[in-house]
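Asker: run.cif (mmCIF, C-alpha atoms and all ligand atoms) pasted underneath:
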data_coords
loop_
_atom_site.group_PDB
_atom_site.id
_atom_site.type_symbol
_atom_site.label_atom_id
_atom_site.label_comp_id
_atom_site.auth_asym_id
_atom_site.auth_seq_id
_atom_site.Cartn_x
_atom_site.Cartn_y
_atom_site.Cartn_z
ATOM 1 C CA MET H 1 -25.110 -1.413 2.014
ATOM 2 C CA LYS H 2 -24.117 -2.564 -1.437
ATOM 3 C CA GLN H 3 -23.946 -6.282 -1.988
ATOM 4 C CA ILE H 4 -20.300 -6.322 -2.986
ATOM 5 C CA GLU H 5 -19.203 -4.311 0.019
ATOM 6 C CA GLN H 6 -21.093 -6.775 2.157
ATOM 7 C CA ASP H 7 -19.250 -9.646 0.461
ATOM 8 C CA PHE H 8 -15.965 -8.293 1.783
ATOM 9 C CA LYS H 9 -17.371 -7.332 5.170
ATOM 10 C CA ASN H 10 -18.712 -10.838 5.714
ATOM 11 C CA LEU H 11 -15.331 -12.455 5.303
ATOM 12 C CA PRO H 12 -13.606 -13.168 8.624
ATOM 13 C CA LYS H 13 -10.794 -10.727 9.382
ATOM 14 C CA ASP H 14 -8.523 -13.108 11.150
ATOM 15 C CA ARG H 15 -4.992 -12.347 12.295
ATOM 16 C CA ILE H 16 -3.816 -14.791 9.642
ATOM 17 C CA ALA H 17 -5.539 -14.270 6.306
ATOM 18 C CA GLU H 18 -7.645 -17.147 5.102
ATOM 19 C CA PHE H 19 -8.870 -15.600 1.886
ATOM 20 C CA CYS H 20 -7.520 -13.442 -0.911
ATOM 21 C CA ILE H 21 -8.161 -9.841 0.053
ATOM 22 C CA CYS H 22 -8.406 -8.858 -3.629
ATOM 23 C CA CYS H 23 -10.854 -11.420 -4.999
ATOM 24 C CA GLY H 24 -12.125 -13.284 -1.926
ATOM 25 C CA SER H 25 -10.924 -16.712 -3.083
ATOM 26 C CA LYS H 26 -9.918 -19.220 -0.427
ATOM 27 C CA LYS H 27 -7.625 -21.080 -2.795
ATOM 28 C CA LEU H 28 -4.309 -19.964 -1.328
ATOM 29 C CA LYS H 29 -0.846 -21.480 -1.651
ATOM 30 C CA ASN H 30 1.641 -20.839 1.126
ATOM 31 C CA SER H 31 5.365 -20.814 1.658
ATOM 32 C CA PRO H 32 7.529 -19.997 4.740
ATOM 33 C CA ALA H 33 9.110 -16.547 5.033
ATOM 34 C CA VAL H 34 10.438 -14.106 7.643
ATOM 35 C CA LEU H 35 8.974 -10.849 8.875
ATOM 36 C CA MET H 36 11.821 -8.346 8.651
ATOM 37 C CA PRO H 37 13.223 -7.532 12.115
ATOM 38 C CA PHE H 38 12.531 -3.804 11.762
ATOM 39 C CA ILE H 39 8.829 -4.507 11.158
ATOM 40 C CA ALA H 40 8.645 -7.098 13.938
ATOM 41 C CA GLU H 41 10.070 -4.645 16.467
ATOM 42 C CA ARG H 42 8.162 -1.539 15.324
ATOM 43 C CA VAL H 43 4.791 -3.283 15.002
ATOM 44 C CA PHE H 44 4.902 -5.885 17.769
ATOM 45 C CA ASN H 45 7.894 -4.835 19.884
ATOM 46 C CA TRP H 46 9.431 -8.233 19.110
ATOM 47 C CA LYS H 47 13.142 -7.552 19.374
ATOM 48 C CA GLN H 48 15.724 -9.625 17.609
ATOM 49 C CA ILE H 49 17.988 -11.506 19.974
ATOM 50 C CA LYS H 50 20.803 -14.037 19.940
ATOM 51 C CA ILE H 51 20.044 -17.373 21.542
ATOM 52 C CA ASP H 52 23.088 -18.682 23.365
ATOM 53 C CA LYS H 53 23.764 -21.439 25.851
ATOM 54 C CA SER H 54 22.593 -19.257 28.756
ATOM 55 C CA TRP H 55 19.027 -19.868 27.505
ATOM 56 C CA GLY H 56 19.469 -23.488 28.540
ATOM 57 C CA LEU H 57 17.333 -24.811 25.697
ATOM 58 C CA LYS H 58 17.949 -28.377 24.672
ATOM 59 C CA THR H 59 16.133 -28.676 21.342
ATOM 60 C CA ILE H 60 16.757 -25.184 19.947
ATOM 61 C CA SER H 61 19.869 -24.243 17.966
ATOM 62 C CA LYS H 62 21.925 -21.238 19.012
ATOM 63 C CA GLY H 63 21.903 -18.135 16.844
ATOM 64 C CA GLN H 64 19.996 -15.046 15.739
ATOM 65 C CA THR H 65 16.199 -15.079 16.089
ATOM 66 C CA TYR H 66 13.807 -14.116 13.304
ATOM 67 C CA SER H 67 10.035 -13.763 13.347
ATOM 68 C CA ILE H 68 8.507 -16.172 10.911
ATOM 69 C CA CYS H 69 5.411 -15.870 8.761
ATOM 70 C CA ASN H 70 4.026 -17.232 5.515
ATOM 71 C CA THR H 71 3.883 -15.914 1.999
ATOM 72 C CA LEU H 72 0.424 -16.501 0.541
ATOM 73 C CA MET H 73 -0.509 -16.568 -3.096
ATOM 74 C CA CYS H 74 -4.013 -16.569 -4.498
ATOM 75 C CA SER H 75 -4.442 -19.297 -7.107
ATOM 76 C CA LYS H 76 -7.176 -17.296 -8.780
ATOM 77 C CA CYS H 77 -5.676 -13.824 -9.261
ATOM 78 C CA ASN H 78 -1.974 -14.310 -8.400
ATOM 79 C CA PHE H 79 -2.111 -11.786 -5.569
ATOM 80 C CA LEU H 80 0.915 -12.333 -3.318
ATOM 81 C CA PHE H 81 0.717 -11.268 0.329
ATOM 82 C CA LEU H 82 1.918 -11.581 3.879
ATOM 83 C CA ASP H 83 -0.346 -13.899 5.851
ATOM 84 C CA ILE H 84 -0.271 -11.621 8.951
ATOM 85 C CA ARG H 85 -2.896 -8.884 8.690
ATOM 86 C CA PHE H 86 -1.971 -5.999 10.984
ATOM 87 C CA SER H 87 -4.676 -4.358 13.088
ATOM 88 C CA GLU H 88 -5.263 -0.613 12.874
ATOM 89 C CA LYS H 89 -3.313 -0.133 16.074
ATOM 90 C CA GLU H 90 -0.380 -2.109 14.712
ATOM 91 C CA LEU H 91 -0.391 -0.168 11.449
ATOM 92 C CA SER H 92 -0.381 3.010 13.472
ATOM 93 C CA ASN H 93 2.677 1.715 15.415
ATOM 94 C CA LEU H 94 4.374 1.360 12.063
ATOM 95 C CA TYR H 95 3.298 4.571 10.349
ATOM 96 C CA THR H 96 2.910 7.211 13.059
ATOM 97 C CA GLY H 97 6.009 9.371 12.813
ATOM 98 C CA TYR H 98 6.848 7.745 9.490
ATOM 99 C CA ARG H 99 10.486 8.279 8.546
ATOM 100 C CA ASN H 100 11.112 10.606 11.485
ATOM 101 C CA SER H 101 14.265 10.320 13.601
ATOM 102 C CA ARG H 102 12.902 7.556 15.854
ATOM 103 C CA TYR H 103 11.778 5.525 12.847
ATOM 104 C CA THR H 104 15.095 6.053 11.105
ATOM 105 C CA LYS H 105 17.120 5.125 14.173
ATOM 106 C CA LEU H 106 15.326 1.810 14.618
ATOM 107 C CA ARG H 107 15.530 1.052 10.923
ATOM 108 C CA GLU H 108 19.237 1.862 10.838
ATOM 109 C CA LYS H 109 19.720 -0.639 13.700
ATOM 110 C CA TYR H 110 18.614 -3.449 11.411
ATOM 111 C CA GLU H 111 19.291 -2.065 7.945
ATOM 112 C CA LYS H 112 22.685 -0.442 7.557
ATOM 113 C CA ASN H 113 22.783 2.695 5.373
ATOM 114 C CA TYR H 114 19.041 3.252 5.652
ATOM 115 C CA LYS H 115 19.618 6.858 6.733
ATOM 116 C CA LYS H 116 21.111 7.738 3.358
ATOM 117 C CA ARG H 117 18.162 6.162 1.534
ATOM 118 C CA ASN H 118 15.726 8.005 3.771
ATOM 119 C CA THR H 119 17.246 11.349 2.799
ATOM 120 C CA GLU H 120 16.601 10.467 -0.851
ATOM 121 C CA LEU H 121 13.006 9.365 -0.096
ATOM 122 C CA ILE H 122 12.241 12.568 1.774
ATOM 123 C CA LYS H 123 13.198 14.589 -1.313
ATOM 124 C CA GLY H 124 10.137 13.177 -3.152
ATOM 125 C CA ILE H 125 9.520 11.206 -6.313
ATOM 126 C CA THR H 126 11.385 11.838 -9.567
ATOM 127 C CA TYR H 127 8.557 10.872 -11.920
ATOM 128 C CA LEU H 128 5.816 13.335 -10.984
ATOM 129 C CA ASP H 129 5.736 14.657 -14.582
ATOM 130 C CA LYS H 130 4.889 11.117 -15.790
ATOM 131 C CA VAL H 131 2.070 10.875 -13.245
ATOM 132 C CA GLU H 132 0.637 14.202 -14.383
ATOM 133 C CA GLU H 133 0.960 13.200 -18.030
ATOM 134 C CA PHE H 134 -0.998 9.984 -17.419
ATOM 135 C CA ILE H 135 -3.770 11.634 -15.408
ATOM 136 C CA GLU H 136 -4.079 14.495 -17.926
ATOM 137 C CA ARG H 137 -5.038 11.983 -20.611
ATOM 138 C CA ASN H 138 -8.280 11.594 -18.682
ATOM 139 C CA VAL H 139 -9.047 14.885 -17.009
ATOM 140 C CA LYS H 140 -9.450 18.539 -17.899
ATOM 141 C CA LEU H 141 -7.590 20.854 -15.518
ATOM 142 C CA PRO H 142 -7.946 22.569 -13.130
ATOM 143 C CA VAL H 143 -9.622 20.168 -10.706
ATOM 144 C CA SER H 144 -10.264 19.829 -6.991
ATOM 145 C CA ILE H 145 -7.916 17.191 -5.578
ATOM 146 C CA LEU H 146 -7.967 14.964 -2.540
ATOM 147 C CA ASP H 147 -4.690 13.135 -1.904
ATOM 148 C CA TRP H 148 -5.521 10.121 0.251
ATOM 149 C CA GLY H 149 -2.416 9.218 2.255
ATOM 150 C CA GLY H 150 -0.599 12.121 0.616
ATOM 151 C CA ASP H 151 1.779 12.825 3.533
ATOM 152 C CA THR H 152 3.054 16.425 3.122
ATOM 153 C CA GLY H 153 1.657 16.773 -0.389
ATOM 154 C CA LYS H 154 5.142 16.919 -1.885
ATOM 155 C CA ASN H 155 4.239 14.152 -4.360
ATOM 156 C CA THR H 156 0.733 15.434 -5.125
ATOM 157 C CA PRO H 157 0.279 16.173 -8.843
ATOM 158 C CA PHE H 158 -0.883 19.475 -10.365
ATOM 159 C CA LYS H 159 0.362 21.662 -7.545
ATOM 160 C CA ASN H 160 0.518 24.549 -10.006
ATOM 161 C CA ASN H 161 -2.816 23.908 -11.677
ATOM 162 C CA ASN H 162 -5.697 23.002 -9.362
ATOM 163 C CA LYS H 163 -8.852 24.349 -7.763
ATOM 164 C CA SER H 164 -7.765 23.046 -4.351
ATOM 165 C CA ILE H 165 -5.555 20.360 -2.829
ATOM 166 C CA HIS H 166 -6.678 18.563 0.282
ATOM 167 C CA ILE H 167 -4.527 15.961 1.992
ATOM 168 C CA TYR H 168 -5.978 13.205 4.117
ATOM 169 C CA ASP H 169 -3.186 11.460 6.010
ATOM 170 C CA LEU H 170 -2.854 9.766 9.380
ATOM 171 C CA GLY H 171 0.667 11.122 9.810
ATOM 172 C CA ASP H 172 1.411 14.367 11.587
ATOM 173 C CA SER H 173 3.705 16.011 9.041
ATOM 174 C CA LYS H 174 3.153 19.605 7.912
ATOM 175 C CA THR H 175 1.882 20.117 4.373
ATOM 176 C CA VAL H 176 3.698 21.903 1.566
ATOM 177 C CA LYS H 177 2.540 25.327 0.367
ATOM 178 C CA GLY H 178 -0.845 25.235 -1.359
ATOM 179 C CA ALA H 179 -2.007 21.978 0.235
ATOM 180 C CA VAL H 180 -4.404 21.752 3.158
ATOM 181 C CA LYS H 181 -4.670 18.886 5.621
ATOM 182 C CA VAL H 182 -8.170 17.545 6.197
ATOM 183 C CA LYS H 183 -9.572 15.224 8.834
ATOM 184 C CA LYS H 184 -12.048 12.395 8.330
ATOM 185 C CA SER H 185 -14.817 14.636 9.712
ATOM 186 C CA ASP H 186 -14.003 17.333 7.078
ATOM 187 C CA LEU H 187 -14.594 14.775 4.344
ATOM 188 C CA LYS H 188 -18.208 14.085 5.243
ATOM 189 C CA ASN H 189 -20.546 14.706 2.284
ATOM 190 C CA LYS H 190 -17.690 16.183 0.240
ATOM 191 C CA THR H 191 -16.723 15.089 -3.266
ATOM 192 C CA TYR H 192 -13.655 15.862 -5.364
ATOM 193 C CA ASP H 193 -12.940 15.897 -9.111
ATOM 194 C CA LEU H 194 -9.785 13.837 -8.634
ATOM 195 C CA ILE H 195 -8.723 11.565 -5.801
ATOM 196 C CA ILE H 196 -5.132 10.398 -5.596
ATOM 197 C CA CYS H 197 -4.300 7.141 -3.840
ATOM 198 C CA SER H 198 -0.586 6.664 -4.477
ATOM 199 C CA ASN H 199 1.500 3.999 -2.824
ATOM 200 C CA VAL H 200 -1.052 3.306 -0.117
ATOM 201 C CA LEU H 201 -2.774 0.021 -1.014
ATOM 202 C CA GLU H 202 0.420 -2.059 -0.725
ATOM 203 C CA HIS H 203 0.682 -1.060 2.953
ATOM 204 C CA VAL H 204 -2.839 -1.662 4.286
ATOM 205 C CA SER H 205 -4.373 -4.874 5.596
ATOM 206 C CA TYR H 206 -7.672 -4.498 3.720
ATOM 207 C CA PRO H 207 -7.322 -2.372 0.550
ATOM 208 C CA SER H 208 -11.036 -2.873 -0.211
ATOM 209 C CA GLU H 209 -11.872 -0.874 2.914
ATOM 210 C CA THR H 210 -9.630 1.978 1.809
ATOM 211 C CA LEU H 211 -11.256 2.032 -1.625
ATOM 212 C CA ILE H 212 -14.782 1.871 -0.227
ATOM 213 C CA ASP H 213 -13.928 4.763 2.099
ATOM 214 C CA ILE H 214 -12.503 6.779 -0.793
ATOM 215 C CA LYS H 215 -15.640 6.172 -2.858
ATOM 216 C CA LYS H 216 -17.663 8.123 -0.313
ATOM 217 C CA ASN H 217 -15.890 11.243 -1.603
ATOM 218 C CA MET H 218 -16.510 10.463 -5.269
ATOM 219 C CA SER H 219 -19.385 11.664 -7.430
ATOM 220 C CA SER H 220 -20.259 10.021 -10.750
ATOM 221 C CA ARG H 221 -17.836 12.433 -12.439
ATOM 222 C CA SER H 222 -14.912 11.958 -10.043
ATOM 223 C CA LEU H 223 -11.784 10.148 -11.124
ATOM 224 C CA LEU H 224 -9.668 7.990 -8.871
ATOM 225 C CA TYR H 225 -5.956 7.641 -9.589
ATOM 226 C CA VAL H 226 -4.415 4.554 -7.975
ATOM 227 C CA GLU H 227 -0.671 4.009 -8.049
ATOM 228 C CA ILE H 228 0.929 0.857 -6.659
ATOM 229 C CA PRO H 229 4.324 -0.765 -7.107
ATOM 230 C CA TYR H 230 4.586 -3.369 -9.834
ATOM 231 C CA GLU H 231 7.125 -5.371 -7.889
ATOM 232 C CA LYS H 232 9.910 -7.028 -9.867
ATOM 233 C CA LEU H 233 8.970 -10.412 -8.421
ATOM 234 C CA MET H 234 5.412 -10.053 -9.714
ATOM 235 C CA ILE H 235 6.625 -9.260 -13.219
ATOM 236 C CA GLU H 236 8.978 -12.242 -13.056
ATOM 237 C CA ILE H 237 6.257 -14.549 -11.723
ATOM 238 C CA ASN H 238 4.147 -13.478 -14.661
ATOM 239 C CA ASN H 239 6.948 -14.412 -17.034
ATOM 240 C CA LYS H 240 7.398 -17.686 -15.114
ATOM 241 C CA GLU H 241 10.975 -16.776 -14.203
ATOM 242 C CA LYS H 242 10.150 -16.825 -10.487
ATOM 243 C CA SER H 243 7.717 -18.515 -8.158
ATOM 244 C CA TYR H 244 5.808 -17.279 -5.117
ATOM 245 C CA GLN H 245 8.170 -19.417 -3.045
ATOM 246 C CA ASP H 246 10.949 -16.958 -3.855
ATOM 247 C CA LYS H 247 9.266 -14.333 -1.666
ATOM 248 C CA ARG H 248 11.176 -15.035 1.528
ATOM 249 C CA HIS H 249 10.851 -11.780 3.456
ATOM 250 C CA TRP H 250 8.165 -9.202 4.205
ATOM 251 C CA HIS H 251 8.680 -5.541 4.937
ATOM 252 C CA GLU H 252 6.348 -2.516 4.690
ATOM 253 C CA HIS H 253 4.803 -3.659 1.444
ATOM 254 C CA ILE H 254 2.548 -6.432 2.718
ATOM 255 C CA ASN H 255 0.629 -6.708 -0.578
ATOM 256 C CA PHE H 256 2.248 -7.512 -3.928
ATOM 257 C CA PHE H 257 -0.309 -6.909 -6.679
ATOM 258 C CA SER H 258 -0.529 -8.674 -9.997
ATOM 259 C CA LYS H 259 -2.352 -6.786 -12.726
ATOM 260 C CA LYS H 260 -5.190 -9.274 -12.461
ATOM 261 C CA SER H 261 -5.497 -8.861 -8.693
ATOM 262 C CA ILE H 262 -5.718 -5.050 -8.669
ATOM 263 C CA LEU H 263 -8.256 -5.132 -11.498
ATOM 264 C CA ASN H 264 -10.242 -7.732 -9.567
ATOM 265 C CA LEU H 265 -10.125 -5.617 -6.440
ATOM 266 C CA LEU H 266 -11.352 -2.483 -8.212
ATOM 267 C CA LYS H 267 -14.128 -4.458 -9.862
ATOM 268 C CA LYS H 268 -15.186 -5.923 -6.511
ATOM 269 C CA CYS H 269 -15.328 -2.393 -5.116
ATOM 270 C CA LYS H 270 -17.482 -1.301 -8.072
ATOM 271 C CA LEU H 271 -14.892 0.957 -9.627
ATOM 272 C CA ASN H 272 -14.736 0.920 -13.418
ATOM 273 C CA VAL H 273 -11.251 1.125 -14.878
ATOM 274 C CA VAL H 274 -10.895 3.772 -17.585
ATOM 275 C CA ASP H 275 -7.115 3.776 -18.047
ATOM 276 C CA PHE H 276 -4.179 1.538 -17.080
ATOM 277 C CA LYS H 277 -0.442 1.908 -17.542
ATOM 278 C CA LYS H 278 2.702 0.128 -16.425
ATOM 279 C CA LEU H 279 5.252 2.825 -15.720
ATOM 280 C CA ASP H 280 8.958 1.990 -15.601
ATOM 281 C CA VAL H 281 11.071 4.340 -13.516
ATOM 282 C CA PRO H 282 14.589 3.606 -14.802
ATOM 283 C CA GLU H 283 16.387 5.984 -12.412
ATOM 284 C CA GLY H 284 14.880 4.129 -9.456
ATOM 285 C CA ASN H 285 15.060 0.691 -11.089
ATOM 286 C CA PHE H 286 11.415 -0.071 -10.344
ATOM 287 C CA SER H 287 8.013 -0.220 -12.035
ATOM 288 C CA LEU H 288 4.545 0.948 -11.074
ATOM 289 C CA MET H 289 0.967 0.313 -12.066
ATOM 290 C CA GLN H 290 -1.143 3.416 -12.695
ATOM 291 C CA ILE H 291 -4.892 3.066 -12.881
ATOM 292 C CA ILE H 292 -7.685 5.565 -13.385
ATOM 293 C CA SER H 293 -11.171 4.492 -12.419
ATOM 294 C CA ARG H 294 -14.659 5.903 -11.976
ATOM 295 C CA LYS H 295 -17.431 4.973 -9.621
ATOM 296 C CA ASP H 296 -19.844 2.482 -11.157
ATOM 297 C CA ILE H 297 -23.013 4.540 -11.492
ATOM 298 C CA ASP H 298 -25.275 1.497 -11.882
ATOM 299 C CA GLN H 299 -24.745 0.354 -8.318
HETATM 300 ZN ZN ZN J 1 -7.348 -13.510 -5.500
#
Translate the structure described by the file into structure tokens.
Ligand SMILES: [Zn+2]

Answerer:
Amino acid sequence: MKQIEQDFKNLPKDRIAEFCICCGSKKLKNSPAVLMPFIAERVFNWKQIKIDKSWGLKTISKGQTYSICNTLMCSKCNFLFLDIRFSEKELSNLYTGYRNSRYTKLREKYEKNYKKRNTELIKGITYLDKVEEFIERNVKLPVSILDWGGDTGKNTPFKNNNKSIHIYDLGDSKTVKGAVKVKKSDLKNKTYDLIICSNVLEHVSYPSETLIDIKKNMSSRSLLYVEIPYEKLMIEINNKEKSYQDKRHWHEHINFFSKKSILNLLKKCKLNVVDFKKLDVPEGNFSLMQIISRKDIDQ
């Protein structure tokens, strides 16, 4: 076991995070926030309810309940995150049957008009050409591709120019034409030219574990493409327009990365960054961070 991987493994994985999961620092600031009701019900089966006088409580005000939590911010790398770290079982409560009718129904209960948004999301991303353009700066096509958390493969790049596309995803959705679903056991002793990890790390409790798992399928020549949201709040915190205390609610994105924090995380996982880009997606009014890295061969 590599030293750095041990460093992460030795940190206590408590229900409530006590260290920065990007850099390991224990210097955390905290601020009260709420866990969005959809997440609270889907993950924990904690339903929102109205407290009225029938409860007979003397010291509690009447009104709508919310599940509370804390926003944490690492003083060292500005990583902003939800203090609750979901277990694998809880993450599976959230993501099994992702965006299917049951998911949508529950979400619509708490978030009006979600259904309409879901239809847009199911159509796929609008900036796939930009993703391909960025990756092509660093790779000669065609390549063998593993899309880690790639869902149906609809957002996988180079669908028309590849040696093969494998999708590793915990969900049960059918893949698009040309992509093949693989299981963890299929990945044993297998390496790929290009691994895609798009919009995954903001959802998981321990992104270092995901990256260390991915590395098992990388040779010294493999490239890893990581894509994560560059949340508006993080850009504004950087420009000192906002503070971590402005993060008052947590939804599916339980990790808000700063540039420093994602670079720290990759370094900790012994991945050498070869390219970085901030991509603005004007039609969606959001920004992303795109990073290409290689396995550190000196480890
Ligand atoms: Zn940190």

Asker: Ligand ZN 1 (chain J): which residues are within 7 Å, counting all atoms listed in the file, as a short mmCIF file (atom, residue, chain, number, x, y, z; two decimals) with C-alpha atoms, in the coordinates of the input?

Answerer:
data_model
loop_
_atom_site.label_atom_id
_atom_site.label_comp_id
_atom_site.auth_asym_id
_atom_site.auth_seq_id
_atom_site.Cartn_x
_atom_site.Cartn_y
_atom_site.Cartn_z
CA CYS H 20 -7.52 -13.44 -0.91
CA ILE H 21 -8.16 -9.84 0.05
CA CYS H 22 -8.41 -8.86 -3.63
CA CYS H 23 -10.85 -11.42 -5.00
CA GLY H 24 -12.12 -13.28 -1.93
CA SER H 25 -10.92 -16.71 -3.08
CA CYS H 74 -4.01 -16.57 -4.50
CA SER H 75 -4.44 -19.30 -7.11
CA LYS H 76 -7.18 -17.30 -8.78
CA CYS H 77 -5.68 -13.82 -9.26
CA ASN H 78 -1.97 -14.31 -8.40
CA PHE H 79 -2.11 -11.79 -5.57
CA SER H 261 -5.50 -8.86 -8.69
#

Asker: Starting from the displayed file, determine the output of the PyMOL selection byres (((chain H and resi 218-225) around 9) and not hetatm) and express the residue list as a PyMOL selection string.

Answerer: chain H and resi 135+138-139+190-198+214-217+226-227+271+290-297

Asker: May I ask for the distance between atom CA of H:Asn30 and atom CA of H:Thr65, given in Å to one decimal place?

Answerer: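 Here the two named atoms are 21.7 Å from each other.
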
Asker: On this file, the PyMOL selection byres (((chain H and resi 254) around 8) and not hetatm) gives some set of residues; write that set as a ChimeraX atom specification.

Answerer: /H:81-82,202-205,250-253,255-256

Asker: Show me, as an MDAnalysis selection string, the residues that have an atom within 12 Å of H:Leu91 when counting all atoms listed in the file, minus same-chain residues fewer than 5 positions from it.

Answerer: chainID H and resid 39:40 42:44 84:86 96:98 170:171 203:206 252:254

Asker: If you count all atoms listed in the file, which residues fall within 9 Å of H:Pro229, apart from same-chain ones fewer than 3 positions away, as a short mmCIF file (atom, residue, chain, number, x, y, z; two decimals) with C-alpha atoms, keeping the file's coordinate frame?

Answerer:
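Output contents, as saved in selection.cif:
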data_model
loop_
_atom_site.label_atom_id
_atom_site.label_comp_id
_atom_site.auth_asym_id
_atom_site.auth_seq_id
_atom_site.Cartn_x
_atom_site.Cartn_y
_atom_site.Cartn_z
CA ASN H 199 1.50 4.00 -2.82
CA GLU H 202 0.42 -2.06 -0.72
CA LYS H 232 9.91 -7.03 -9.87
CA PHE H 256 2.25 -7.51 -3.93
CA PHE H 257 -0.31 -6.91 -6.68
CA PHE H 286 11.42 -0.07 -10.34
CA SER H 287 8.01 -0.22 -12.04
CA LEU H 288 4.54 0.95 -11.07
CA MET H 289 0.97 0.31 -12.07
CA GLN H 290 -1.14 3.42 -12.70
#

Asker: Using only C-alpha atoms, what residues lie at most 7 Å away from (-13.5, 3.0, -2.8) (file coordinates), given as a ChimeraX atom specification?

Answerer: /H:208,210-215,269

Asker: Those selected residues, please, written with C-alpha atoms and delivered as an mmCIF file, keeping the file's coordinate frame.

Answerer:
data_model
loop_
_atom_site.group_PDB
_atom_site.id
_atom_site.type_symbol
_atom_site.label_atom_id
_atom_site.label_comp_id
_atom_site.auth_asym_id
_atom_site.auth_seq_id
_atom_site.Cartn_x
_atom_site.Cartn_y
_atom_site.Cartn_z
ATOM 1 C CA SER H 208 -11.036 -2.873 -0.211
ATOM 2 C CA THR H 210 -9.630 1.978 1.809
ATOM 3 C CA LEU H 211 -11.256 2.032 -1.625
ATOM 4 C CA ILE H 212 -14.782 1.871 -0.227
ATOM 5 C CA ASP H 213 -13.928 4.763 2.099
ATOM 6 C CA ILE H 214 -12.503 6.779 -0.793
ATOM 7 C CA LYS H 215 -15.640 6.172 -2.858
ATOM 8 C CA CYS H 269 -15.328 -2.393 -5.116
#

Asker: Can you list what the PyMOL selection byres (((chain H and resi 237) around 12) and not hetatm) grabs from this structure, as a PyMOL selection string?

Answerer: chain H and resi 73+78-80+230-236+238-247+256-259

Asker: Store the residues of this selection in a file with C-alpha atoms, as an mmCIF file, keeping the file's coordinate frame.

Answerer:
data_model
loop_
_atom_site.group_PDB
_atom_site.id
_atom_site.type_symbol
_atom_site.label_atom_id
_atom_site.label_comp_id
_atom_site.auth_asym_id
_atom_site.auth_seq_id
_atom_site.Cartn_x
_atom_site.Cartn_y
_atom_site.Cartn_z
ATOM 1 C CA MET H 73 -0.509 -16.568 -3.096
ATOM 2 C CA ASN H 78 -1.974 -14.310 -8.400
ATOM 3 C CA PHE H 79 -2.111 -11.786 -5.569
ATOM 4 C CA LEU H 80 0.915 -12.333 -3.318
ATOM 5 C CA TYR H 230 4.586 -3.369 -9.834
ATOM 6 C CA GLU H 231 7.125 -5.371 -7.889
ATOM 7 C CA LYS H 232 9.910 -7.028 -9.867
ATOM 8 C CA LEU H 233 8.970 -10.412 -8.421
ATOM 9 C CA MET H 234 5.412 -10.053 -9.714
ATOM 10 C CA ILE H 235 6.625 -9.260 -13.219
ATOM 11 C CA GLU H 236 8.978 -12.242 -13.056
ATOM 12 C CA ASN H 238 4.147 -13.478 -14.661
ATOM 13 C CA ASN H 239 6.948 -14.412 -17.034
ATOM 14 C CA LYS H 240 7.398 -17.686 -15.114
ATOM 15 C CA GLU H 241 10.975 -16.776 -14.203
ATOM 16 C CA LYS H 242 10.150 -16.825 -10.487
ATOM 17 C CA SER H 243 7.717 -18.515 -8.158
ATOM 18 C CA TYR H 244 5.808 -17.279 -5.117
ATOM 19 C CA GLN H 245 8.170 -19.417 -3.045
ATOM 20 C CA ASP H 246 10.949 -16.958 -3.855
ATOM 21 C CA LYS H 247 9.266 -14.333 -1.666
ATOM 22 C CA PHE H 256 2.248 -7.512 -3.928
ATOM 23 C CA PHE H 257 -0.309 -6.909 -6.679
ATOM 24 C CA SER H 258 -0.529 -8.674 -9.997
ATOM 25 C CA LYS H 259 -2.352 -6.786 -12.726
#

Asker: Residues within 12 Å of stretch 153-159 of chain H, please, as a short mmCIF file (atom, residue, chain, number, x, y, z; two decimals) with C-alpha atoms, keeping the file's coordinate frame. Count only C-alpha atoms; anything in the same chain fewer than 4 positions from it doesn't count.

Answerer:
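In the end it all went to part.cif:
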data_model
loop_
_atom_site.label_atom_id
_atom_site.label_comp_id
_atom_site.auth_asym_id
_atom_site.auth_seq_id
_atom_site.Cartn_x
_atom_site.Cartn_y
_atom_site.Cartn_z
CA LEU H 121 13.01 9.36 -0.10
CA ILE H 122 12.24 12.57 1.77
CA LYS H 123 13.20 14.59 -1.31
CA GLY H 124 10.14 13.18 -3.15
CA ILE H 125 9.52 11.21 -6.31
CA THR H 126 11.38 11.84 -9.57
CA TYR H 127 8.56 10.87 -11.92
CA LEU H 128 5.82 13.34 -10.98
CA ASP H 129 5.74 14.66 -14.58
CA LYS H 130 4.89 11.12 -15.79
CA VAL H 131 2.07 10.88 -13.24
CA GLU H 132 0.64 14.20 -14.38
CA GLU H 133 0.96 13.20 -18.03
CA PHE H 134 -1.00 9.98 -17.42
CA ILE H 135 -3.77 11.63 -15.41
CA GLU H 136 -4.08 14.50 -17.93
CA VAL H 139 -9.05 14.88 -17.01
CA LYS H 140 -9.45 18.54 -17.90
CA LEU H 141 -7.59 20.85 -15.52
CA PRO H 142 -7.95 22.57 -13.13
CA VAL H 143 -9.62 20.17 -10.71
CA SER H 144 -10.26 19.83 -6.99
CA ILE H 145 -7.92 17.19 -5.58
CA LEU H 146 -7.97 14.96 -2.54
CA ASP H 147 -4.69 13.14 -1.90
CA TRP H 148 -5.52 10.12 0.25
CA GLY H 149 -2.42 9.22 2.26
CA LYS H 163 -8.85 24.35 -7.76
CA SER H 164 -7.76 23.05 -4.35
CA ILE H 165 -5.56 20.36 -2.83
CA HIS H 166 -6.68 18.56 0.28
CA ILE H 167 -4.53 15.96 1.99
CA TYR H 168 -5.98 13.20 4.12
CA ASP H 169 -3.19 11.46 6.01
CA GLY H 171 0.67 11.12 9.81
CA SER H 173 3.70 16.01 9.04
CA LYS H 174 3.15 19.60 7.91
CA THR H 175 1.88 20.12 4.37
CA VAL H 176 3.70 21.90 1.57
CA LYS H 177 2.54 25.33 0.37
CA GLY H 178 -0.84 25.24 -1.36
CA ALA H 179 -2.01 21.98 0.24
CA VAL H 180 -4.40 21.75 3.16
CA LYS H 181 -4.67 18.89 5.62
CA VAL H 182 -8.17 17.55 6.20
CA LEU H 194 -9.78 13.84 -8.63
CA ILE H 195 -8.72 11.56 -5.80
CA ILE H 196 -5.13 10.40 -5.60
CA CYS H 197 -4.30 7.14 -3.84
CA SER H 198 -0.59 6.66 -4.48
CA ASN H 199 1.50 4.00 -2.82
CA TYR H 225 -5.96 7.64 -9.59
CA GLU H 227 -0.67 4.01 -8.05
#
